[in-house]
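*Asks:* The structure's right below; bear with me while I get my questions together.
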Amino acid sequence: MWLFLGSECLLFGGLISTYMLYRGRVADGPHPDQIYDIPFTSVSSFVLLMSSLTMVLAVSSAKRKDDARTNLWLIVTAILGATFVGGQVYEYTTFVREGLKLDTSLFGSSFYVLTGFHGLHVSVGVIMLLATAGIIKKNRITGDKPEVVELVGLYWHFVDIVWIVIFTLIYLIPA
Amino acid sequence: MAIIIKTTSNSQSLGAMRRPVHTTGWKQWVFTVDHKKIGIMYGVVALVFFIIAGVEALLIRLQLSMPDGKVLSADMYNQMFTMHATTMVFLFAMPMAASFANYLLPLQIGARDVAFPRLNALSFWLFLTGGLILNASWFLGGAADGGWFMYAPNSGPVFSPSNGVDFWVLGLQIAGVASLLGAINLIVTVLNMRAPGMTFMRMPVFTWMILVVQFLLVFSLPVITVALVLLMFQRSFGATFFDVSQGADPLLWQHLFWIFGHPEVYVLILPGFGIISEVLPTFSRKPLFGYPFVVFSGASIGLLGFGVWAHHMFASGLGPVSVAVFSVSTMAIAIPTGIKIFNWLLTMWGGKIWYTAAMKFAVGLVVLFTIGGLSGVTHAVAPSDTQQTDTYYIVAHFHYVLFGGMVFGLFAGFYYWWPKVFGKMLNEKLGTWNFWLMVIGTNMTFGPMHILGLQGQPRRMYIWTEARAGEGFFNFGFWNLFASVGSFVLAVGVLFFLINIVYTARKGTVAPLDPWDARTLEWLTTSPPKEHNFDRIPVVHHLDQFFHMKYEEDEATHSMKQIAQGEDLVRNEEAHADAHIHMPSPSYWPFVMALGVGILGMGVIYGVPVMVVGAAVVLLSTFGWVLEPATASESDFDSPSDDGHTKEITSFV
């Protein structure tokens with residue numbers, strides 16, 4: 001998992017670099033300063049951050065062999081993650097209505113591909129969390145259960161850390 | 001594919017398919033998770049792609065053999081050189097190295113398989129899927145034609161409207177995922193599954209070089225993935241990343257591509273270096289000179305390889321500071337490479353040389369790679385590179401290092417390890433013909449390109465005319481014809497190898513288990529190895545453990561005297577075999593998932609409904625994979641011999 005996450009760092013690094021290069025290039029359409037809703041995105045970032053906390057609680061419950069609690073926290077994490085994705089979907093539809101699409105400008109293309117990839121990773125994570133909870137419920141884990149939850153946790157924390165970097169660089173630092 | 005509800009349960013299953021157990025027929029290959037079978041499949045497919053890419057090269061050389069060539073139109077020519085390079089790099093060289101690594105690495109470290117056997121199978125099937133998608137372009141509207149480095153904006157939808165580039169982008173993304181998963185697998189295998197006593201500095205050099213390559217892949221593949229994704233979004237979904245009218249920077253693609261592209265060339269050559277680091281000591285009857293230096297220089301080449309990428313961009317307008325910095329770092333990287341050359345030479349110096357075909361190819365690598373390396377050093381000097389770039393001088397350089405280096409290394413590996421893998425010895429006489437034709441062919445084809453390049457013949461030029469061909473010694477016409485003839489000599493050399501394979505399959509001598517009196521653990525097995533590799537996991541006390549099991553230092557004369565033969569050692573292992581050996585069971589899911597990924601990829605070109613189907617197959621196969629029972633049954637697949645006699649040698653071919 002660490003190796004995979006290492007390669008993902010390079011992947012997001014490339015996408016973030018592309019965004020940083022192109023963030024101000026708006027031949028057409030809205031400029032970042034005009035379109036970002038920082039308060040809204042801050043709330044959804046907070047939701048994602050809290051999901052990392054609940055993930056830690058899930059891992060801790062797994063280590064204590066408390067399956068019921070583990071599943072509870074896994075599901076809560078998944079719900080928070082899904083909320084974050086929901087927030088992204090809302091943000092995207094708002095931006096499209098305000099005139100920023102994938103093909104509008106370099107800023108538009110870079111924004112959607114970067115955050116879209118991140119959103120995709122969160123979505124895959126949500127599926128993993130729910131699947132893990134389901135497999136624990138059905139008692140189908142053959143290996144080391146705490147380790148499995150810990151690996152899922154590593155992935156989830158990575159996705160969260162990437163978001164912290166993205167949020168800071170693209171929303172908080174003015175273009 | 002129906003979900004079967006199992007009523008019996010040795011693993012509390014709910015709706016999971018049973019695991020396949022086939023040991024014969026095509027199903028033993030399609031569902032296998034055995035690293036040896038996967039290695040062989042990689043090798044066969046890579047060899048087929050080698051021939052395809054070779055034919056593409058011969059067509060190029062035919063076109064350039066005469067003035068006003070009529071063999072290929074300009075458009076076809078572009079497709080030909082793009083696909084030749086792409087196929088050679090991604091569908092031959094990398095997978096052939098994967099073939100060697102998959103087969104040999106677990107054996108060299110005393111393991112029974114890799115860390116994640118199903119993932120290993122998935123890597124192979126994804127590679128095949130990617131390769132097929134890439135080459136499907138030939139039949140579905142024309143192949144990619146932007147050069148293997150596919151510079152954008154030229155490769156964007158405006159200047160490359162046919163689907164060729166789309167197939168290229170998709171095929172490579174899929175093959176890239178295959179390599180990434182393989183890299184993770186092999187790193188975890190080396191970190192966790194070495195035999196007891198095998199510290200890092202007791203690992204064979206081949207294993208070390210493969211390990212370095214896997215780290216290079218983990219960190220370089222994502223960067224080309226970004227480039228491919230950006231291009232894919234531009235071409236298929238309307239994004240503007242390379243749209244200069246919107247303000248896009250043409251250098252974005254170049255940087256992203258070459259940050260991958262440079263480590264990639266070390267990915268290509270290090271396996272060859274690893275192979276000859278095994279072959280040269282064996283056939284010099286001497287240990288490798290300076291093992292720690294060879295290991296550390298390999299690791300430094302890997303690390304430094306990330307710091308030189310812009311030497312591919314010296315003529316792109318980077319500015320003098322960047323150019324100077326990259327020029328210096330490129331010169332620096334010649335140092336660890338040079339160290340290796342000296343270590344190999346000193347390994348042979350004073351040794352008792354046994355000139356088998358494998359040894360010939362290994363020596364060939366040392367000589368030819370050095371020639372290629374010398375031209376490489378001239379490219380590092382940015383002012384001279386400004387003249388050389390985009391000329392045939394560069395083509396000469398990289399073909400000497402890639403063909404003379406990588407391919408010769410692979411051929412050394414073929415001749416060296418064929419007895420172990422297939423239980424038969426490749427014919428030495430045919431091997432000698434193979435070698436000499438390839439050496440002569442390589443030099444005839446690529447040697448003149450140094451001259452052609454410095455005299456001004458540009459790359460990617462589909463035609464040349466008599467009027468502009470120059471005079472005397474430097475006449476383009478003469479040297480182009482010479483090179484083209486050379487390429488056919490080379491092709492005949494390769495043909496001898498293929499003939500050797502068929503001959504060996506039919507009439508080859510059966511191989512003993514240790515034909516070369518070798519040094520490393522993969523030889524402490526039958527030829528071919530049993531399914532579980534080792535009857536008993538060896539305990540390692542030395543570098544070149546197998547050698548030390550056969551030879552001991554004589555206190556009186558301080559020379560090595562033989563205390564055992566390979567056969568005795570393997571028989572001894574059989575006598576002490578482990579009672580219960582559990583091997584991972586075959587599985588349907590890697591094959592199915594790769595199919596799903598292929599459908600998903602094609603959907604990017606042919607429409608969202610296809611993507612949805614592909615995604616569904618991938619999602620379902622993920623669940624199938626995770627939920628399938630751990631093993632098919634409790635029985636061992638190949639119980640060790642329990643009557644003391646060595647098992648009969650069988651052969652696969």
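Letters for chains follow the order of the structure tokens (A, B, ...), residue numbers begin at 1 for each chain, and ligand numbers begin at 1 in the order shown.
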Give me, as a Markdown table, the closest atom pair and its distance (Å, one decimal) for every residue of chain B within a cut-off of 9 Å of chain A, counting only C-alpha atoms, rows sorted by chain and rising number.
*Replies:*
| residue | atom | partner | partner_atom | distance |
| --- | --- | --- | --- | --- |
| B:Ser11 | CA | A:Arg140 | CA | 8.0 |
| B:Gln12 | CA | A:Arg140 | CA | 7.1 |
| B:Ser13 | CA | A:Arg140 | CA | 7.4 |
| B:Leu14 | CA | A:Lys138 | CA | 8.5 |
| B:Leu180 | CA | A:Phe4 | CA | 8.3 |
| B:Leu181 | CA | A:Phe4 | CA | 8.3 |
| B:Ala183 | CA | A:Leu3 | CA | 8.9 |
| B:Ile184 | CA | A:Leu3 | CA | 6.2 |
| B:Ile187 | CA | A:Leu3 | CA | 8.5 |
| B:Val188 | CA | A:Leu3 | CA | 8.7 |
| B:Phe215 | CA | A:Leu3 | CA | 8.8 |
| B:Leu217 | CA | A:Ser7 | CA | 8.7 |
| B:Val218 | CA | A:Ser7 | CA | 5.3 |
| B:Phe219 | CA | A:Ser7 | CA | 5.3 |
| B:Ser220 | CA | A:Leu10 | CA | 7.8 |
| B:Leu221 | CA | A:Ser7 | CA | 7.7 |
| B:Pro222 | CA | A:Leu11 | CA | 4.7 |
| B:Val223 | CA | A:Leu11 | CA | 5.8 |
| B:Ile224 | CA | A:Leu11 | CA | 8.7 |
| B:Thr225 | CA | A:Leu11 | CA | 7.2 |
| B:Val226 | CA | A:Gly14 | CA | 6.1 |
| B:Ala227 | CA | A:Gly14 | CA | 8.3 |
| B:Val229 | CA | A:Val113 | CA | 8.8 |
| B:Leu230 | CA | A:Val113 | CA | 8.1 |
| B:Phe233 | CA | A:Val113 | CA | 8.3 |
| B:Gln234 | CA | A:Asp103 | CA | 8.5 |
| B:Phe237 | CA | A:Leu102 | CA | 8.0 |
| B:Gly238 | CA | A:Asp103 | CA | 5.3 |
| B:Ala239 | CA | A:Asp103 | CA | 4.6 |
| B:Thr240 | CA | A:Leu106 | CA | 5.5 |
| B:Phe241 | CA | A:Leu106 | CA | 5.9 |
| B:Phe242 | CA | A:Leu106 | CA | 8.6 |
| B:Asp243 | CA | A:Leu106 | CA | 8.2 |
| B:Ser245 | CA | A:Ala27 | CA | 8.5 |
| B:Gln246 | CA | A:Ala27 | CA | 5.7 |
| B:Gly247 | CA | A:Arg25 | CA | 6.4 |
| B:Ala248 | CA | A:Leu106 | CA | 7.0 |
| B:Asp249 | CA | A:Tyr22 | CA | 8.8 |
| B:Leu252 | CA | A:Thr18 | CA | 7.7 |
| B:Leu256 | CA | A:Gly14 | CA | 7.6 |
| B:Phe623 | CA | A:Ala131 | CA | 8.5 |
| B:Leu627 | CA | A:Arg140 | CA | 7.4 |
| B:Pro629 | CA | A:Thr142 | CA | 8.6 |
| B:Ala630 | CA | A:Thr142 | CA | 7.5 |
*Asks:* Give the answer as one residue: which of A:Val152, A:Ala68, A:Val124, A:Ile16 has the shortest atom-to-atom distance to A:Met55, using only C-alpha atoms?
*Replies:*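 Of the candidates, the smallest distance to A:Met55 is held by A:Val152.
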*Asks:* Per DSSP on the backbone, filter stretch 5-174 of chain A down to the residues in helix (DSSP H, G or I) and report them as a VMD selection string.
*Replies:* chain A and resid 5 to 22 32 to 35 38 to 63 67 to 97 106 to 137 145 to 172
*Asks:* When you look at B:Asn475 with a cut-off of 10 Å (counting only C-alpha atoms), what residues show up, excluding the ones that are within fewer than 4 positions of it in the same chain? I need them as a list in words.
*Replies:*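 That gives Ile451, Leu452, Gln455, Glu466, Arg468, Ala469, Gly470, Glu471, Trp479 and Asn480 of chain B.
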*Asks:* For C-alpha atoms, I'd like the residues from the last selection saved as an mmCIF file, in the first residue's frame.
*Replies:*
data_model
loop_
_atom_site.group_PDB
_atom_site.id
_atom_site.type_symbol
_atom_site.label_atom_id
_atom_site.label_comp_id
_atom_site.auth_asym_id
_atom_site.auth_seq_id
_atom_site.Cartn_x
_atom_site.Cartn_y
_atom_site.Cartn_z
ATOM 1 C CA ILE B 451 28.173 9.484 -39.995
ATOM 2 C CA LEU B 452 24.753 10.079 -41.499
ATOM 3 C CA GLN B 455 26.373 14.926 -41.984
ATOM 4 C CA GLU B 466 19.963 11.779 -54.888
ATOM 5 C CA ARG B 468 20.891 16.155 -51.718
ATOM 6 C CA ALA B 469 22.819 13.020 -50.890
ATOM 7 C CA GLY B 470 26.301 14.474 -50.770
ATOM 8 C CA GLU B 471 29.512 13.106 -52.183
ATOM 9 C CA TRP B 479 25.522 4.542 -46.092
ATOM 10 C CA ASN B 480 21.744 4.289 -46.071
#
*Asks:* So that I can check the surroundings of stretch 350-361 of chain B, please list as a PDB file with N, CA and C atoms, in the first residue's frame every protein, DNA and RNA residue that reaches within 7 Å of it, counting only C-alpha atoms and ignoring chain neighbours fewer than 2 positions away.
*Replies:*
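Written output follows (selection16.pdb):
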ATOM      1  N   VAL B 279      26.007 -13.753 -15.879  1.00  0.00           N
ATOM      2  CA  VAL B 279      26.622 -14.567 -16.933  1.00  0.00           C
ATOM      3  C   VAL B 279      28.144 -14.453 -16.913  1.00  0.00           C
ATOM      4  N   LEU B 280      28.661 -13.226 -16.809  1.00  0.00           N
ATOM      5  CA  LEU B 280      30.121 -13.043 -16.885  1.00  0.00           C
ATOM      6  C   LEU B 280      30.873 -13.797 -15.789  1.00  0.00           C
ATOM      7  N   PHE B 283      30.885 -17.659 -16.518  1.00  0.00           N
ATOM      8  CA  PHE B 283      31.725 -18.122 -17.622  1.00  0.00           C
ATOM      9  C   PHE B 283      33.142 -17.595 -17.569  1.00  0.00           C
ATOM     10  N   SER B 284      33.470 -16.844 -16.507  1.00  0.00           N
ATOM     11  CA  SER B 284      34.861 -16.486 -16.254  1.00  0.00           C
ATOM     12  C   SER B 284      35.395 -17.330 -15.109  1.00  0.00           C
ATOM     13  N   ARG B 285      34.522 -18.189 -14.556  1.00  0.00           N
ATOM     14  CA  ARG B 285      34.879 -19.032 -13.414  1.00  0.00           C
ATOM     15  C   ARG B 285      35.464 -18.199 -12.290  1.00  0.00           C
ATOM     16  N   LYS B 286      34.900 -17.011 -12.086  1.00  0.00           N
ATOM     17  CA  LYS B 286      35.383 -16.071 -11.067  1.00  0.00           C
ATOM     18  C   LYS B 286      34.203 -15.315 -10.518  1.00  0.00           C
ATOM     19  N   MET B 348      36.307 -10.535 -15.828  1.00  0.00           N
ATOM     20  CA  MET B 348      36.843 -11.436 -16.846  1.00  0.00           C
ATOM     21  C   MET B 348      38.358 -11.560 -16.770  1.00  0.00           C
ATOM     22  N   VAL B 363      29.685 -10.474 -23.517  1.00  0.00           N
ATOM     23  CA  VAL B 363      30.831  -9.645 -23.910  1.00  0.00           C
ATOM     24  C   VAL B 363      30.393  -8.632 -24.960  1.00  0.00           C
ATOM     25  N   GLY B 364      29.514  -9.081 -25.852  1.00  0.00           N
ATOM     26  CA  GLY B 364      28.964  -8.179 -26.867  1.00  0.00           C
ATOM     27  C   GLY B 364      28.312  -6.970 -26.245  1.00  0.00           C
ATOM     28  N   LEU B 365      27.555  -7.201 -25.157  1.00  0.00           N
ATOM     29  CA  LEU B 365      26.912  -6.068 -24.485  1.00  0.00           C
ATOM     30  C   LEU B 365      27.965  -5.086 -24.001  1.00  0.00           C
ATOM     31  N   PHE B 408      21.222  -7.552 -26.481  1.00  0.00           N
ATOM     32  CA  PHE B 408      22.304  -8.515 -26.316  1.00  0.00           C
ATOM     33  C   PHE B 408      22.276  -9.112 -24.917  1.00  0.00           C
ATOM     34  N   GLY B 409      21.956  -8.280 -23.923  1.00  0.00           N
ATOM     35  CA  GLY B 409      21.835  -8.795 -22.558  1.00  0.00           C
ATOM     36  C   GLY B 409      20.730  -9.837 -22.473  1.00  0.00           C
ATOM     37  N   PHE B 411      19.587 -11.704 -24.889  1.00  0.00           N
ATOM     38  CA  PHE B 411      20.004 -12.928 -25.575  1.00  0.00           C
ATOM     39  C   PHE B 411      20.988 -13.725 -24.733  1.00  0.00           C
ATOM     40  N   ALA B 412      21.880 -13.029 -24.032  1.00  0.00           N
ATOM     41  CA  ALA B 412      22.772 -13.743 -23.114  1.00  0.00           C
ATOM     42  C   ALA B 412      21.923 -14.510 -22.110  1.00  0.00           C
ATOM     43  N   GLY B 413      20.881 -13.840 -21.618  1.00  0.00           N
ATOM     44  CA  GLY B 413      19.984 -14.476 -20.659  1.00  0.00           C
ATOM     45  C   GLY B 413      19.259 -15.672 -21.255  1.00  0.00           C
ATOM     46  N   TYR B 415      20.280 -17.730 -23.642  1.00  0.00           N
ATOM     47  CA  TYR B 415      21.171 -18.881 -23.756  1.00  0.00           C
ATOM     48  C   TYR B 415      21.572 -19.419 -22.389  1.00  0.00           C
ATOM     49  N   TYR B 416      21.677 -18.540 -21.425  1.00  0.00           N
ATOM     50  CA  TYR B 416      22.107 -18.947 -20.091  1.00  0.00           C
ATOM     51  C   TYR B 416      21.025 -19.726 -19.363  1.00  0.00           C
ATOM     52  N   GLU B 428      24.541 -24.728 -29.392  1.00  0.00           N
ATOM     53  CA  GLU B 428      25.638 -23.748 -29.325  1.00  0.00           C
ATOM     54  C   GLU B 428      26.079 -23.301 -30.707  1.00  0.00           C
ATOM     55  N   GLY B 431      23.755 -20.962 -31.969  1.00  0.00           N
ATOM     56  CA  GLY B 431      23.925 -19.783 -31.133  1.00  0.00           C
ATOM     57  C   GLY B 431      25.084 -18.924 -31.601  1.00  0.00           C
ATOM     58  N   THR B 432      26.154 -19.580 -32.024  1.00  0.00           N
ATOM     59  CA  THR B 432      27.307 -18.824 -32.510  1.00  0.00           C
ATOM     60  C   THR B 432      26.962 -18.080 -33.780  1.00  0.00           C
ATOM     61  N   PHE B 435      24.852 -15.160 -32.836  1.00  0.00           N
ATOM     62  CA  PHE B 435      25.618 -14.068 -32.243  1.00  0.00           C
ATOM     63  C   PHE B 435      26.351 -13.260 -33.305  1.00  0.00           C
TER      64      PHE B 435
END
*Asks:* What's around stretch 82-94 of chain B at 7 Å? Count only C-alpha atoms, leave out sequence neighbours fewer than 3 positions away in its own chain, and write the answer as a list in words.
*Replies:*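 Near stretch 82-94 of chain B, the qualifying residues are Ala46, Leu47, Phe49, Phe50, Ala53, Glu56, Ala57, Asn78, Gln79, Ala97, Ala98, Gly131, Ala144, Asp145, Gly146, Gly147, Trp148 and Leu268 of chain B.
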*Asks:* Residues at most 7 Å from B:Ile174, counting only C-alpha atoms, excluding those fewer than 4 positions away in the same chain, as an MDAnalysis selection string?
*Replies:* chainID B and resid 126:127 130 170 178
*Asks:* Determine, counting only C-alpha atoms, which protein, DNA and RNA residues have an atom within 12 Å of an atom of A:Ser42; residues of the same chain fewer than 3 positions away are not included. Present the result as a list of chain:residue names.
*Replies:*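 The residues that qualify are A:Tyr36, A:Asp37, A:Ile38, A:Pro39, A:Ser45, A:Phe46, A:Val47, A:Leu48, A:Leu49, A:Phe84, A:Gly87, A:Gln88, A:Trp163, A:Ile164, A:Ile166, A:Phe167, A:Thr168, A:Tyr171, A:Leu172.
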*Asks:* Taking into account only C-alpha atoms, which residue in the set A:Met20, A:Ile35, A:Ala62, A:Leu53 is nearest to A:Leu100?
*Replies:*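 The answer is A:Ile35, which sits nearest to A:Leu100.
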*Asks:* What is the distance between atom CA of B:Val55 and atom CA of B:Val265, in Å to one decimal?
*Replies:* 22.4 Å
